[in-house]
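Pasted below: work_31.cif, mmCIF, C-alpha atoms.
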```
data_model
loop_
_atom_site.label_atom_id
_atom_site.label_comp_id
_atom_site.auth_asym_id
_atom_site.auth_seq_id
_atom_site.Cartn_x
_atom_site.Cartn_y
_atom_site.Cartn_z
CA MET A 1 60.07 -4.87 47.91
CA SER A 2 61.58 -6.99 45.12
CA ALA A 3 59.39 -9.94 46.13
CA ILE A 4 56.24 -7.81 45.91
CA THR A 5 57.32 -6.51 42.48
CA GLN A 6 57.94 -10.00 41.15
CA THR A 7 54.59 -11.33 42.34
CA SER A 8 52.67 -8.32 40.96
CA ILE A 9 53.67 -9.18 37.38
CA MET A 10 51.78 -12.19 36.05
CA GLU A 11 53.78 -14.85 34.30
CA GLY A 12 52.94 -15.77 30.74
CA ARG A 13 50.21 -18.39 30.48
CA SER A 14 50.98 -21.74 28.92
CA GLY A 15 49.07 -23.31 26.07
CA THR A 16 48.14 -22.01 22.65
CA PHE A 17 45.08 -20.00 23.75
CA GLY A 18 46.92 -18.56 26.73
CA ARG A 19 49.84 -17.36 24.63
CA LEU A 20 47.44 -16.02 22.03
CA SER A 21 45.53 -14.11 24.71
CA ASP A 22 48.76 -12.64 26.06
CA PHE A 23 49.79 -11.61 22.54
CA PHE A 24 46.53 -9.77 21.89
CA TRP A 25 46.70 -8.13 25.32
CA ARG A 26 50.15 -6.77 24.50
CA ASN A 27 49.11 -5.79 20.95
CA PRO A 28 45.58 -4.39 21.14
CA LYS A 29 45.81 -2.77 17.68
CA ILE A 30 46.24 -6.16 16.05
CA LEU A 31 43.18 -7.44 17.89
CA LEU A 32 41.20 -4.39 16.78
CA PHE A 33 42.28 -4.95 13.18
CA LEU A 34 41.23 -8.60 13.25
CA MET A 35 37.84 -7.68 14.72
CA LEU A 36 37.17 -4.95 12.16
CA ALA A 37 38.52 -6.81 9.13
CA PRO A 38 35.47 -9.08 8.47
CA PRO A 39 32.81 -6.32 8.51
CA LEU A 40 35.06 -3.96 6.54
CA LEU A 41 35.71 -6.65 3.93
CA TRP A 42 31.99 -7.34 3.75
CA LEU A 43 31.27 -3.64 3.32
CA GLY A 44 34.03 -3.17 0.76
CA ILE A 45 33.41 -6.27 -1.35
CA ILE A 46 29.67 -6.89 -1.09
CA TYR A 47 28.29 -3.35 -0.76
CA LEU A 48 30.83 -1.03 -2.32
CA GLY A 49 31.83 -3.63 -4.90
CA SER A 50 28.25 -4.15 -6.04
CA LEU A 51 27.70 -0.38 -6.03
CA PHE A 52 30.76 0.12 -8.23
CA ALA A 53 29.58 -2.65 -10.58
CA LEU A 54 26.19 -0.94 -10.77
CA LEU A 55 27.82 2.40 -11.55
CA LEU A 56 29.93 0.72 -14.21
CA GLN A 57 26.85 -0.83 -15.83
CA SER A 58 25.27 2.60 -16.21
CA PHE A 59 28.03 3.65 -18.63
CA PHE A 60 27.17 0.82 -21.02
CA SER A 61 24.31 0.76 -23.48
CA ILE A 62 21.86 -1.70 -24.93
CA ASP A 63 21.89 -2.63 -28.60
CA GLU A 64 18.50 -1.73 -30.08
CA PHE A 65 18.54 -4.58 -32.62
CA SER A 66 19.96 -7.54 -30.69
CA GLY A 67 18.95 -6.44 -27.19
CA LEU A 68 22.44 -7.29 -25.92
CA ILE A 69 24.59 -5.06 -23.75
CA ASN A 70 27.23 -3.09 -25.61
CA TYR A 71 30.26 -2.99 -23.30
CA GLU A 72 31.63 0.34 -24.51
CA PHE A 73 31.77 3.43 -22.34
CA THR A 74 29.11 5.92 -23.35
CA LEU A 75 26.81 8.54 -21.86
CA ALA A 76 23.94 7.56 -24.13
CA THR A 77 22.17 5.74 -21.30
CA TYR A 78 22.23 8.84 -19.12
CA ARG A 79 20.88 10.86 -22.02
CA GLN A 80 17.90 8.51 -22.06
CA LEU A 81 17.03 9.73 -18.57
CA LEU A 82 16.33 13.16 -20.05
CA ILE A 83 13.67 12.04 -22.48
CA PRO A 84 10.20 13.17 -21.31
CA SER A 85 8.89 9.76 -20.19
CA ASN A 86 11.95 8.96 -18.05
CA PHE A 87 12.39 12.49 -16.73
CA ASP A 88 8.75 12.50 -15.64
CA ILE A 89 9.47 9.39 -13.55
CA ILE A 90 12.36 11.12 -11.81
CA LEU A 91 10.42 14.34 -11.26
CA ARG A 92 7.35 12.46 -9.99
CA THR A 93 9.44 10.51 -7.49
CA VAL A 94 11.33 13.55 -6.18
CA VAL A 95 8.13 15.59 -5.78
CA MET A 96 6.41 12.75 -3.95
CA ALA A 97 9.43 12.29 -1.64
CA ALA A 98 9.51 16.02 -0.89
CA LEU A 99 5.76 16.18 -0.16
CA VAL A 100 5.90 13.09 2.06
CA THR A 101 8.84 14.57 3.97
CA LEU A 102 7.06 17.89 4.45
CA ALA A 103 3.82 16.25 5.60
CA ALA A 104 5.67 13.92 7.97
CA ALA A 105 7.48 16.89 9.52
CA VAL A 106 4.22 18.81 10.05
CA ILE A 107 2.51 15.80 11.65
CA ALA A 108 5.52 14.68 13.67
CA PHE A 109 6.40 18.03 15.25
CA PRO A 110 3.44 18.41 17.65
CA ILE A 111 3.67 14.72 18.61
CA ALA A 112 7.38 14.99 19.28
CA TYR A 113 6.95 18.30 21.13
CA TYR A 114 4.38 16.82 23.49
CA ALA A 115 6.58 13.79 24.15
CA ALA A 116 9.65 15.94 24.77
CA ARG A 117 8.03 18.61 26.95
CA TYR A 118 5.13 16.97 28.78
CA ALA A 119 5.31 13.16 28.63
CA LYS A 120 6.90 11.73 31.77
CA GLY A 121 7.35 8.27 33.20
CA LYS A 122 4.84 5.72 31.92
CA TRP A 123 3.40 8.23 29.43
CA LYS A 124 6.79 8.57 27.74
CA ALA A 125 7.10 4.79 27.64
CA LEU A 126 3.62 4.66 26.10
CA PHE A 127 4.73 7.24 23.54
CA TYR A 128 7.74 5.18 22.48
CA LEU A 129 5.57 2.07 22.34
CA GLY A 130 3.00 3.83 20.17
CA VAL A 131 5.65 5.15 17.78
CA MET A 132 7.65 1.94 17.54
CA LEU A 133 4.77 -0.54 17.46
CA PRO A 134 3.94 -0.02 13.76
CA LEU A 135 7.58 -0.75 12.93
CA TRP A 136 7.30 -4.21 14.50
CA SER A 137 4.60 -5.38 12.10
CA SER A 138 5.25 -6.62 8.59
CA TYR A 139 5.80 -3.97 5.94
CA LEU A 140 3.64 -5.79 3.39
CA VAL A 141 0.88 -6.41 5.92
CA LYS A 142 0.64 -2.67 6.60
CA VAL A 143 0.58 -1.79 2.91
CA TYR A 144 -2.09 -4.36 2.05
CA ALA A 145 -4.12 -3.28 5.08
CA TRP A 146 -4.07 0.28 3.79
CA LYS A 147 -5.11 -0.96 0.35
CA LEU A 148 -8.26 -2.41 1.95
CA ILE A 149 -8.85 0.76 3.96
CA LEU A 150 -8.53 3.00 0.89
CA ALA A 151 -10.47 0.75 -1.49
CA LYS A 152 -13.79 1.88 -2.95
CA GLU A 153 -15.57 -0.54 -0.61
CA GLY A 154 -13.21 0.21 2.29
CA ILE A 155 -13.84 1.71 5.70
CA LEU A 156 -12.72 5.20 4.67
CA THR A 157 -15.36 5.37 1.94
CA TRP A 158 -17.91 4.10 4.46
CA VAL A 159 -16.95 6.89 6.89
CA PHE A 160 -17.40 9.52 4.18
CA ALA A 161 -20.80 8.02 3.33
CA ARG A 162 -21.91 8.06 6.98
CA LEU A 163 -20.89 11.71 7.25
CA HIS A 164 -22.69 12.51 3.98
CA LEU A 165 -19.40 13.67 2.47
CA THR A 166 -19.25 11.25 -0.44
CA TRP A 167 -19.54 14.21 -2.78
CA LEU A 168 -16.32 15.64 -1.33
CA LEU A 169 -14.44 12.38 -1.86
CA ASP A 170 -15.76 12.06 -5.41
CA ALA A 171 -14.77 15.66 -6.15
CA TRP A 172 -11.24 15.02 -4.92
CA LEU A 173 -10.92 11.78 -6.91
CA SER A 174 -12.08 13.59 -10.04
CA LEU A 175 -9.02 15.85 -9.97
CA PRO A 176 -6.64 15.06 -12.86
CA ILE A 177 -3.37 14.38 -11.02
CA VAL A 178 -4.14 13.36 -7.44
CA GLY A 179 -7.40 11.53 -8.20
CA GLY A 180 -8.39 8.18 -9.63
CA ASN A 181 -11.09 5.53 -9.52
CA SER A 182 -10.52 5.16 -5.78
CA LEU A 183 -8.01 6.21 -3.16
CA SER A 184 -6.29 2.84 -3.43
CA ILE A 185 -5.26 3.51 -7.02
CA SER A 186 -4.41 7.20 -6.82
CA TYR A 187 -1.46 9.38 -5.91
CA THR A 188 -3.41 10.51 -2.86
CA GLY A 189 -3.50 6.96 -1.54
CA THR A 190 0.20 6.50 -2.29
CA PHE A 191 0.96 9.72 -0.42
CA ILE A 192 -1.12 8.69 2.62
CA VAL A 193 0.57 5.29 2.90
CA PHE A 194 4.03 6.76 2.45
CA VAL A 195 3.42 9.24 5.27
CA TYR A 196 2.03 6.55 7.57
CA VAL A 197 4.85 4.06 6.99
CA TRP A 198 7.75 6.52 7.33
CA LEU A 199 6.27 8.80 10.05
CA PRO A 200 8.08 7.08 12.98
CA PHE A 201 11.41 7.82 11.30
CA MET A 202 10.56 11.51 11.51
CA ILE A 203 9.07 11.56 15.01
CA LEU A 204 12.03 10.07 16.88
CA PRO A 205 14.80 12.44 15.61
CA VAL A 206 12.55 15.47 16.12
CA GLN A 207 11.69 14.33 19.63
CA ALA A 208 15.39 13.82 20.42
CA ALA A 209 16.21 17.32 19.14
CA LEU A 210 13.37 18.94 21.11
CA GLU A 211 14.49 17.25 24.31
CA ARG A 212 17.82 19.05 24.00
CA VAL A 213 16.13 22.45 23.83
CA PRO A 214 16.50 24.10 27.27
CA GLY A 215 13.14 24.96 28.79
CA ASN A 216 14.43 28.26 30.13
CA LEU A 217 14.88 29.55 26.57
CA ILE A 218 11.15 29.17 25.92
CA GLU A 219 10.37 30.80 29.27
CA ALA A 220 12.78 33.65 28.50
CA SER A 221 11.05 34.24 25.18
CA ALA A 222 7.68 34.48 26.95
CA ASP A 223 9.15 36.81 29.61
CA LEU A 224 10.42 39.11 26.86
CA GLY A 225 6.93 39.39 25.44
CA GLY A 226 7.25 36.89 22.61
CA HIS A 227 4.00 35.39 21.37
CA PRO A 228 3.84 31.59 20.97
CA ALA A 229 4.18 31.98 17.20
CA GLN A 230 7.26 34.17 17.65
CA THR A 231 8.76 31.74 20.14
CA PHE A 232 8.23 28.90 17.69
CA ARG A 233 9.68 30.81 14.75
CA HIS A 234 12.72 32.33 16.45
CA VAL A 235 13.57 29.87 19.25
CA LEU A 236 11.98 26.45 18.98
CA PHE A 237 12.07 25.82 15.25
CA PRO A 238 15.75 26.82 14.67
CA LEU A 239 16.87 24.59 17.54
CA ALA A 240 14.71 21.69 16.35
CA LEU A 241 15.70 22.09 12.70
CA PRO A 242 18.64 19.63 12.87
CA GLY A 243 16.25 16.96 14.14
CA ILE A 244 13.76 17.72 11.37
CA ILE A 245 16.50 17.48 8.75
CA ALA A 246 17.75 14.25 10.33
CA GLY A 247 14.25 12.77 10.11
CA SER A 248 13.90 14.02 6.55
CA ILE A 249 16.97 12.01 5.59
CA PHE A 250 15.02 8.84 6.37
CA THR A 251 11.64 9.86 4.98
CA PHE A 252 13.06 11.39 1.81
CA SER A 253 15.49 8.59 0.98
CA LEU A 254 13.04 5.78 1.81
CA THR A 255 10.33 7.34 -0.33
CA LEU A 256 12.82 8.00 -3.12
CA GLY A 257 13.82 4.34 -3.42
CA ASP A 258 10.63 2.50 -2.53
CA TYR A 259 8.79 0.61 -5.23
CA ILE A 260 6.46 -1.67 -3.25
CA ILE A 261 4.00 0.99 -2.08
CA PRO A 262 3.56 2.56 -5.56
CA GLN A 263 3.25 -0.95 -6.99
CA ILE A 264 0.43 -1.93 -4.62
CA ILE A 265 -1.22 1.45 -4.02
CA GLY A 266 -1.02 3.88 -6.88
CA SER A 267 -1.68 4.51 -10.52
CA SER A 268 0.01 3.02 -13.57
CA ARG A 269 2.58 5.82 -13.68
CA LEU A 270 5.97 4.62 -12.51
CA PHE A 271 8.33 5.79 -9.77
CA ILE A 272 12.11 5.31 -9.84
CA GLY A 273 11.99 2.04 -7.94
CA GLN A 274 9.36 0.63 -10.30
CA ALA A 275 11.36 1.83 -13.32
CA VAL A 276 14.47 0.04 -12.05
CA TYR A 277 12.47 -3.14 -11.48
CA ALA A 278 10.81 -2.93 -14.90
CA GLN A 279 14.00 -2.16 -16.84
CA GLN A 280 16.01 -4.86 -15.12
CA GLY A 281 13.34 -7.55 -15.06
CA THR A 282 10.81 -7.08 -17.85
CA ALA A 283 12.73 -5.01 -20.42
CA GLY A 284 16.16 -6.48 -19.68
CA ASN A 285 17.78 -3.06 -20.06
CA ILE A 286 20.27 -3.30 -17.22
CA PRO A 287 22.27 -0.16 -18.18
CA LEU A 288 19.15 2.00 -18.05
CA ALA A 289 18.11 0.37 -14.76
CA ALA A 290 21.58 1.16 -13.37
CA ALA A 291 21.32 4.76 -14.59
CA PHE A 292 17.95 5.11 -12.85
CA THR A 293 19.54 3.74 -9.67
CA VAL A 294 22.34 6.31 -9.79
CA VAL A 295 19.79 9.15 -9.71
CA PRO A 296 18.67 8.67 -6.05
CA ILE A 297 22.29 8.01 -5.05
CA VAL A 298 23.35 11.39 -6.46
CA ILE A 299 20.31 13.16 -5.00
CA MET A 300 20.87 11.67 -1.54
CA GLY A 301 24.60 12.42 -1.69
CA PHE A 302 23.83 16.09 -2.29
CA TYR A 303 21.06 15.99 0.33
CA LEU A 304 23.36 14.46 2.96
CA TRP A 305 25.98 17.08 2.25
CA MET A 306 23.43 19.83 2.86
CA ALA A 307 22.11 18.06 5.97
CA LYS A 308 25.62 17.79 7.41
CA LYS A 309 26.13 21.53 6.97
CA GLN A 310 22.93 22.09 8.98
CA GLY A 311 24.19 19.86 11.82
CA ALA A 312 21.58 17.16 11.23
CA PHE A 313 23.95 14.31 12.03
CA ASP A 314 24.17 15.53 15.62
CA ALA A 315 20.46 14.77 16.01
CA LEU A 316 20.71 11.17 14.79
#
```
Take the structure in the file and give it back as structure tokens.
Amino acid sequence: MSAITQTSIMEGRSGTFGRLSDFFWRNPKILLFLMLAPPLLWLGIIYLGSLFALLLQSFFSIDEFSGLINYEFTLATYRQLLIPSNFDIILRTVVMAALVTLAAAVIAFPIAYYAARYAKGKWKALFYLGVMLPLWSSYLVKVYAWKLILAKEGILTWVFARLHLTWLLDAWLSLPIVGGNSLSISYTGTFIVFVYVWLPFMILPVQAALERVPGNLIEASADLGGHPAQTFRHVLFPLALPGIIAGSIFTFSLTLGDYIIPQIIGSSRLFIGQAVYAQQGTAGNIPLAAAFTVVPIVIMGFYLWMAKKQGAFDAL
């Protein structure tokens, strides 16, 4: 018995690497700490450190005469966000992000419902391929492709002309806010491209949430005499709501901070991302650029807090 016990316990290995391996095997917490230390240091120094430096810059101000940064704590820069021109930028960006999120949810729900309830086998694989394929192509290529599609000489205008609906397109473009010389330089075009680019980020969480809805609940609603609209309102939608909110986290935040799409497709009126780029690069007003950057951080912090209360993180 003693011989079996002695042979069942391995002797310590010789050599530096062997002893080091034995040490980590006996002290797994030290190994875990050493493995987590590099990414945590990167997150703390590079990400959180730069974020703190950005937040600190927003409490400084710019001297109007010399154009130099005045390194004294003040809220004057944040007060500049409330002037009409800057507040319009914030309001315009938030409204666009909300509309894009709402449109993406409306479009994504039937697609996700079909994939969750009816797509099986190769059809489900085809669904995932169709949703993910646009994400594999270059972001700029997609945006510039849409600029050609929405241009005055683009294929969309040609389709309207072939259908004898040019008058409808011209009437829409003549509207004061959503219109413009063409779709490629209007808020309508910006909205369309935003929805297209961020739609996959809405479809996948909604599809995952709908797959967790038991089919017998829908059947029970029908057995109790519930109409399809009642089943959707009282059964399907409440259970899918965490997935919709989870998808909205992506669509809302990505729209809120994007500046490339409004820069390429849109009017001359700025969004938050463009304002940050302009203030930091062209104007050289880094404190105001930092204050603009804090706005989406605060909005998304509040939005994530609300989403967590709705159980959206369980659908991610």
Next item on the list: Could you tell me which residues the PyMOL selection byres ((chain A and resi 205-215) around 8) grabs in this file, written as number ranges by chain?
Entry: A: 108-109, 112-113, 115-117, 201-204, 216-219, 236, 239-240, 242-244, 246-247, 315-316
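Picture a line from atom CA of A:Ala307 to atom CA of A:Ser253; it runs 12.6 Å.
Picked out by the PyMOL selection byres ((chain A and resi 77) around 8) when it runs on this file: Ser58, Phe59, Phe60, Ser61, Thr74, Leu75, Ala76, Tyr78, Arg79, Gln80, Leu81, Pro287, Leu288 and Ala291 of chain A.
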Item checked: Two-atom distance - atom CA of A:Phe292, atom CA of A:Ile272 (Å) -> 6.6 Å
Margin query: Using all atoms listed in the file for the distances, tell me which of A:Leu36, A:Ile46, A:Ile245, A:Val100 is nearest to A:Gln310.
Written below: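 Between A:Leu36, A:Ile46, A:Ile245, A:Val100, the residue approaching A:Gln310 most closely is A:Ile245.
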Margin query: Translate the PyMOL selection byres ((chain A and resi 132-145) around 8) into a concrete residue list for this structure, as a PyMOL selection string.
Written below: chain A and resi 128-131+146-149+193+197+200+261+264-265
Next item on the list: May I have the residues within 7 Å of A:Tyr259 as a PyMOL selection string, using only C-alpha atoms and disregarding those fewer than 5 positions away in the same chain?
Entry: chain A and resi 271+273-274
Next item on the list: In Å, rounded to a single decimal, give me how far atom CA of A:Ile45 is from atom CA of A:Phe24.
Entry: 26.9 Å
Notebook entry, point to check: Which of these residues is nearest to A:Gly67, using all atoms listed in the file: A:Gly180, A:Gly154, A:Gly284, A:Gly301?
Noted result: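 Of A:Gly180, A:Gly154, A:Gly284, A:Gly301, the one nearest A:Gly67 is A:Gly284, counting all atoms listed in the file.
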Would you compute an axis-aligned box for stretch 25-42 of chain A, covering every atom listed for it in the file with 4 Å of margin on each side, and report centre and edge lengths in Å to one decimal as AutoDock Vina command-line options?
```
--center_x 41.1 --center_y -5.9 --center_z 14.5 --size_x 26.2 --size_y 14.3 --size_z 29.6
```
Assuming the input is short of atoms at stretch 114-136 of chain A, produce N, CA and C atoms for that part as a PDB file, keeping the file's coordinate frame.
```pdb
ATOM      1  N   TYR A 114       5.090  17.261  22.293  1.00  0.00           N
ATOM      2  CA  TYR A 114       4.380  16.820  23.490  1.00  0.00           C
ATOM      3  C   TYR A 114       5.195  15.774  24.235  1.00  0.00           C
ATOM      4  N   ALA A 115       5.794  14.833  23.502  1.00  0.00           N
ATOM      5  CA  ALA A 115       6.580  13.790  24.150  1.00  0.00           C
ATOM      6  C   ALA A 115       7.816  14.360  24.828  1.00  0.00           C
ATOM      7  N   ALA A 116       8.431  15.378  24.214  1.00  0.00           N
ATOM      8  CA  ALA A 116       9.650  15.940  24.770  1.00  0.00           C
ATOM      9  C   ALA A 116       9.399  16.868  25.955  1.00  0.00           C
ATOM     10  N   ARG A 117       8.269  17.589  25.943  1.00  0.00           N
ATOM     11  CA  ARG A 117       8.030  18.610  26.950  1.00  0.00           C
ATOM     12  C   ARG A 117       7.111  18.166  28.089  1.00  0.00           C
ATOM     13  N   TYR A 118       6.166  17.270  27.793  1.00  0.00           N
ATOM     14  CA  TYR A 118       5.130  16.970  28.780  1.00  0.00           C
ATOM     15  C   TYR A 118       5.057  15.499  29.176  1.00  0.00           C
ATOM     16  N   ALA A 119       5.429  14.581  28.297  1.00  0.00           N
ATOM     17  CA  ALA A 119       5.310  13.160  28.630  1.00  0.00           C
ATOM     18  C   ALA A 119       6.387  12.763  29.630  1.00  0.00           C
ATOM     19  N   LYS A 120       5.975  12.168  30.725  1.00  0.00           N
ATOM     20  CA  LYS A 120       6.900  11.730  31.770  1.00  0.00           C
ATOM     21  C   LYS A 120       6.553  10.300  32.186  1.00  0.00           C
ATOM     22  N   GLY A 121       7.566   9.581  32.632  1.00  0.00           N
ATOM     23  CA  GLY A 121       7.350   8.270  33.200  1.00  0.00           C
ATOM     24  C   GLY A 121       6.660   7.305  32.250  1.00  0.00           C
ATOM     25  N   LYS A 122       5.535   6.738  32.705  1.00  0.00           N
ATOM     26  CA  LYS A 122       4.840   5.720  31.920  1.00  0.00           C
ATOM     27  C   LYS A 122       4.255   6.313  30.632  1.00  0.00           C
ATOM     28  N   TRP A 123       3.949   7.621  30.641  1.00  0.00           N
ATOM     29  CA  TRP A 123       3.400   8.230  29.430  1.00  0.00           C
ATOM     30  C   TRP A 123       4.466   8.314  28.346  1.00  0.00           C
ATOM     31  N   LYS A 124       5.723   8.562  28.737  1.00  0.00           N
ATOM     32  CA  LYS A 124       6.790   8.570  27.740  1.00  0.00           C
ATOM     33  C   LYS A 124       7.044   7.161  27.214  1.00  0.00           C
ATOM     34  N   ALA A 125       6.963   6.169  28.095  1.00  0.00           N
ATOM     35  CA  ALA A 125       7.100   4.790  27.640  1.00  0.00           C
ATOM     36  C   ALA A 125       5.971   4.414  26.687  1.00  0.00           C
ATOM     37  N   LEU A 126       4.762   4.901  26.995  1.00  0.00           N
ATOM     38  CA  LEU A 126       3.620   4.660  26.100  1.00  0.00           C
ATOM     39  C   LEU A 126       3.832   5.352  24.767  1.00  0.00           C
ATOM     40  N   PHE A 127       4.439   6.533  24.791  1.00  0.00           N
ATOM     41  CA  PHE A 127       4.730   7.240  23.540  1.00  0.00           C
ATOM     42  C   PHE A 127       5.689   6.435  22.672  1.00  0.00           C
ATOM     43  N   TYR A 128       6.787   5.970  23.257  1.00  0.00           N
ATOM     44  CA  TYR A 128       7.740   5.180  22.480  1.00  0.00           C
ATOM     45  C   TYR A 128       7.104   3.896  21.959  1.00  0.00           C
ATOM     46  N   LEU A 129       6.254   3.290  22.777  1.00  0.00           N
ATOM     47  CA  LEU A 129       5.570   2.070  22.340  1.00  0.00           C
ATOM     48  C   LEU A 129       4.643   2.368  21.161  1.00  0.00           C
ATOM     49  N   GLY A 130       3.908   3.479  21.246  1.00  0.00           N
ATOM     50  CA  GLY A 130       3.000   3.830  20.170  1.00  0.00           C
ATOM     51  C   GLY A 130       3.712   4.166  18.872  1.00  0.00           C
ATOM     52  N   VAL A 131       4.901   4.783  18.987  1.00  0.00           N
ATOM     53  CA  VAL A 131       5.650   5.150  17.780  1.00  0.00           C
ATOM     54  C   VAL A 131       6.334   3.934  17.172  1.00  0.00           C
ATOM     55  N   MET A 132       6.878   3.070  18.025  1.00  0.00           N
ATOM     56  CA  MET A 132       7.650   1.940  17.540  1.00  0.00           C
ATOM     57  C   MET A 132       6.790   0.742  17.151  1.00  0.00           C
ATOM     58  N   LEU A 133       5.596   0.647  17.702  1.00  0.00           N
ATOM     59  CA  LEU A 133       4.770  -0.540  17.460  1.00  0.00           C
ATOM     60  C   LEU A 133       4.493  -0.772  15.981  1.00  0.00           C
ATOM     61  N   PRO A 134       4.154   0.256  15.189  1.00  0.00           N
ATOM     62  CA  PRO A 134       3.940  -0.020  13.760  1.00  0.00           C
ATOM     63  C   PRO A 134       5.174  -0.573  13.056  1.00  0.00           C
ATOM     64  N   LEU A 135       6.367  -0.262  13.564  1.00  0.00           N
ATOM     65  CA  LEU A 135       7.580  -0.750  12.930  1.00  0.00           C
ATOM     66  C   LEU A 135       7.792  -2.239  13.174  1.00  0.00           C
ATOM     67  N   TRP A 136       7.121  -2.795  14.183  1.00  0.00           N
ATOM     68  CA  TRP A 136       7.300  -4.210  14.500  1.00  0.00           C
ATOM     69  C   TRP A 136       6.449  -5.122  13.620  1.00  0.00           C
TER      70      TRP A 136
END
```
